[in-house]
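Peer 1: Quick one: this structure, given as structure tokens, is what I'll be asking you about.
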Amino acid sequence: MTLRSKILVIVLIFLLLVLFSVFLYRNSLLELGVQKIEEKLLDRYRVALTIDDYGFDGVRDVYFRKIVLAPLTGDTLLTIKNVELKISIGLLLRLKLGFKEIYADSVFVNAVKRDAVSNYSFLSNKTIVKDTVRTTVPIGYYESFAPFLEKVNRFFGSIIYVKDFTFRSQVNEKSETIKIPQLAFNGKEFRCDVVTTSLTEVASYSIEGIVNTADSYYKFNILKLNNLPASLPLFDMIDSMKVEFDAAQVSLKANDENKKMPLQLSFNIQNLILNHWRISNTDVIVPEFSCNLNTTIEHSLISVNDSSVFKLGKLPITVSGSYQREPEPIIKLDIGFNTTSEIFFGSLPQGMFNSLMGLQATGNLNYNLHFNVNTSNPDQLVFDSKLEKENFRILKFGEENFSRINEPFLYTAMDRDKEMRDILVGEANPMFTPLGNVSDYLKNTVLTSEDPSFFQHGGFVQDAFRESIAENIKQGRFARGGSTISMQLVKNIFLSRNKTVSRKLEEALIVWLIEKNHLVSKERMFEIYLNIIEWGPDIYGVGEASRFYFVKQPMDLSLSESVFLSEIIPRPKYFKYAFDSSGHLKPYHKGYFDLIGKRLLIREKISQNELDSLKPDVVLKGSALKMILPSDTIPVDSTDFEEIRIFE
């Protein structure tokens with residue numbers, strides 16, 4: 001007998017001895033294992049695990065009767081009437097615990113959250129180690145995902161049968177449930193029916209799937225069985241979000257390649273309906289939404305390669321990017337498409353671009369976005385977004401004719417969500433002021449403070465966007481906007497004031513249509529802007545503002561008065577705090593006057609003598625004088641302005 005054969009015999013004898021010992025003492029080992037788990041849950045998480053009865057039934061069949069898992073203070077999280085397991089001898093020979101068959105009956109998961117207290121918070125609690133200094137090293141992405149995938153593959157390496165499964169989520173008084181009457185998996189094919197009960201609706205779904213654990217391949221088909229509208233449960237618990245679809249196909253394939261995990265994810269969803277106050281104020285309907293995503297998970301890097309494609313209706317959108325955690329946190333993103341105008345406008349989701357619905361155009365559109373930022377040094381970020389056209393021409397406007405503002409029109413002035421009054425933007429309105437009748441001082445100070453390159457740019461200023469994104473990253477919130485005069489005009493005239501993603505996207509697309517296709521001249525846009533913006537309490541347009549503050553015609557405004565009017569555009573109602581009791585502008589405004597004055601000089605809009613004489617010597621003479629507040633009045637600080645001055 002060779003040495004190799006002898007070693008093999010010794011190993012086999014050892015394994016047989018291990019199996020014999022396990023078989024001989026299996027009940028004691030099981031009891032010891034259950035006790036260890038009970039003690040760990042109680043000591044570490046303050047959770048009680050109780051099992052009425054358990055033991056072996058034969059050589060490798062294990063049973064558990066009436067399992068209950070409950071925090072010491074709180075509602076019971078889990079109850080199971082009956083569990084039966086068949087131990088996998090193959091895994092046991094490799095010194096791993098796994099099961100050939102899993103059977104469970106009457107499983108009830110009850111997740112309860114009242115205010116900030118829940119009965120499942122212990123699942124994310126970390127062990128507290130006293131009197132010990134421990135250096136925490138972040139776990140790598142691969143090191144987290146690979147064991148998880150291994151456990152999933154091991155689980156689906158079993159034959160599984162579950163009868164009467166119920167998951168109930170309760171947040172305060174809201175309760176939603178997911179019921180699975182029967183779930184069956186034969187080792188290759190998966191099948192179950194699901195009945196969901198949301199806050200107001202009930203829906204039934206059929207789920208079928210194929211699993212190949214050897215290749216880590218999972219594919220599932222989901223079909224809604226009834227035609228009634230019904231949102232999926234649990235999403236409403238997440239900030240009142242609504243998600244609904246008629247059918248979906250999802251597949252995932254993973255490979256483990258020496259500390260690197262390539263993943264191939266694809267899905268196709270039919271009649272997807274979303275509703276969330278941050279997305280849109282109405283349902284967003286996508287008839288078909290699909291994706292082929294090729295990504296790779298490494299220790300400190302998650303990347304999506306450039307073969308990945310999202311498809312919105314008939315519109316294919318290429319996506320690539322990455323997130324690198326170490327040695328520095330870097331985010332990269334590239335998005336693009338090249339398609340016909342017919343496909344682009346025909347693929348826009350209903351509920352996101354309402355004013356563009358029905359728009360018809362000819363020609364091609366090509367879009368590319370390149371974004372790159374080191375979040376520890378956001379000032380160096382790269383943001384390059386371009387939508388280019390080829391032989392593009394609008395054939396027919398949709399719900400809104402964007403060129404209508406070339407003629408006189410009614411503008412509805414708004415104060416947040418409240419309609420104030422209608423304003424005729426045209427010469428039939430005695431307060432309307434043609435651009436040629438506005439003081440050059442005011443035109444230049446407004447442009448300098450709000451949008452210096454308005455007459456040169458095509459609706460967008462990339463540098464302003466870059467600066468705004470960098471500032472928002474540094475502050476960890478939306479602290480600075482990036483709107484040009486073109487964008488402010490489109491928002492005020494054609495769109496709602498809702499602070500949603502859909503409104504911002506629609507706003508950008510309308511600006512592009514107007515600017516790139518010269519639907520409205522720059523002069524007309526600036527004229528409209530000066531005649532509709534708010535300049536005080538129920539004061540709209542330069543004609544009303546010049547009379548309200550100074551009893552003057554807009555043409556007669558001085559340099560100092562013009563600088564003051566440009567200063568209050570972001571906060572028009574706060575003028576009442578800017579003056580003393582005699583109606584004189586307070587001295588602290590000098591800094592702003594100096595800043596704007598120097599910029600006007602650089603732009604050659606004023607002379608050095610005019611700069612030298614520029615002081616905040618502004619005196620109220622109009623009805624605004626009656627509204628100023630006492631000098632010791634402190635204004636209420638407000639940080640909820642959507643558009644913050646960007647050209648500073």
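Quick note on naming: the chains in the structure tokens go A, B, ... in the order shown, residues restart at 1 in each chain, and ligands are numbered from 1 in order of appearance.
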Stretch 87-324 of chain A: which residues are strand (DSSP E) by DSSP, as JSON, numbers by chain?

Peer 2: {"A": [87, 99, 100, 101, 102, 103, 104, 105, 106, 107, 108, 109, 110, 111, 112, 113, 114, 117, 118, 159, 160, 161, 162, 163, 164, 165, 166, 167, 168, 169, 170, 171, 174, 175, 176, 177, 178, 179, 180, 181, 182, 183, 184, 185, 189, 190, 191, 192, 193, 194, 195, 196, 197, 202, 203, 204, 205, 206, 207, 208, 209, 210, 211, 212, 217, 218, 219, 220, 221, 222, 223, 224, 242, 243, 244, 247, 248, 249, 250, 251, 252, 253, 254, 261, 262, 263, 264, 265, 266, 267, 268, 269, 270, 271, 272, 273, 274, 275, 284, 285, 286, 287, 288, 289, 290, 291, 292, 293, 294, 295, 296, 297, 301, 302, 303, 304, 305, 306, 307, 308, 309, 310, 311, 312, 315, 316, 317, 318, 319, 320, 321, 322, 323, 324]}

Peer 1: Write down as a PyMOL selection string the residues of stretch 399-549 of chain A whose backbone DSSP state falls under helix (DSSP H, G or I).

Peer 2: chain A and resi 404-406+435-437+440-450+462-475+485-494+501-516+522-532+542-549

Peer 1: I'd like to know which of A:Glu390, A:Asp384, A:Glu523, A:Asp422 is closest to A:Asp463, using only C-alpha atoms.

Peer 2: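 Among the listed residues, A:Asp384 lies closest to A:Asp463.
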
Peer 1: State, in Å with one decimal place, the distance from atom CA of A:Asn498 to atom CA of A:Phe397.

Peer 2: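 Atom CA of A:Phe397 lies 23.2 Å from atom CA of A:Asn498.
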
Peer 1: So what do you get for atom CA of A:Leu272 versus atom CA of A:Ala248, distance-wise?

Peer 2: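 The value is 9.2 Å.
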
Peer 1: Using Å and a single decimal, report how far atom CA of A:Ser206 sits from atom CA of A:Met241.

Peer 2: 22.9 Å

Peer 1: Which residue is closest to A:Ile602? Choose from A:Asp236, A:Lys174, A:Pro452, A:Glu427 and count only C-alpha atoms.

Peer 2: A:Pro452

Peer 1: Would you please work out which residue, of A:Tyr120, A:Phe155, A:Tyr161, A:Phe289, is nearest to A:Tyr103 when using only C-alpha atoms?

Peer 2: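 Of the candidates, the smallest distance to A:Tyr103 is held by A:Tyr161.
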
Peer 1: Need to verify the contact set: A:Gly363, 10 Å, only C-alpha atoms, exclusion of same-chain residues closer than 2 positions in sequence. Can you return it as JSON, numbers by chain?

Peer 2: {"A": [339, 340, 341, 342, 361, 365, 389, 390, 391, 392, 393, 394]}
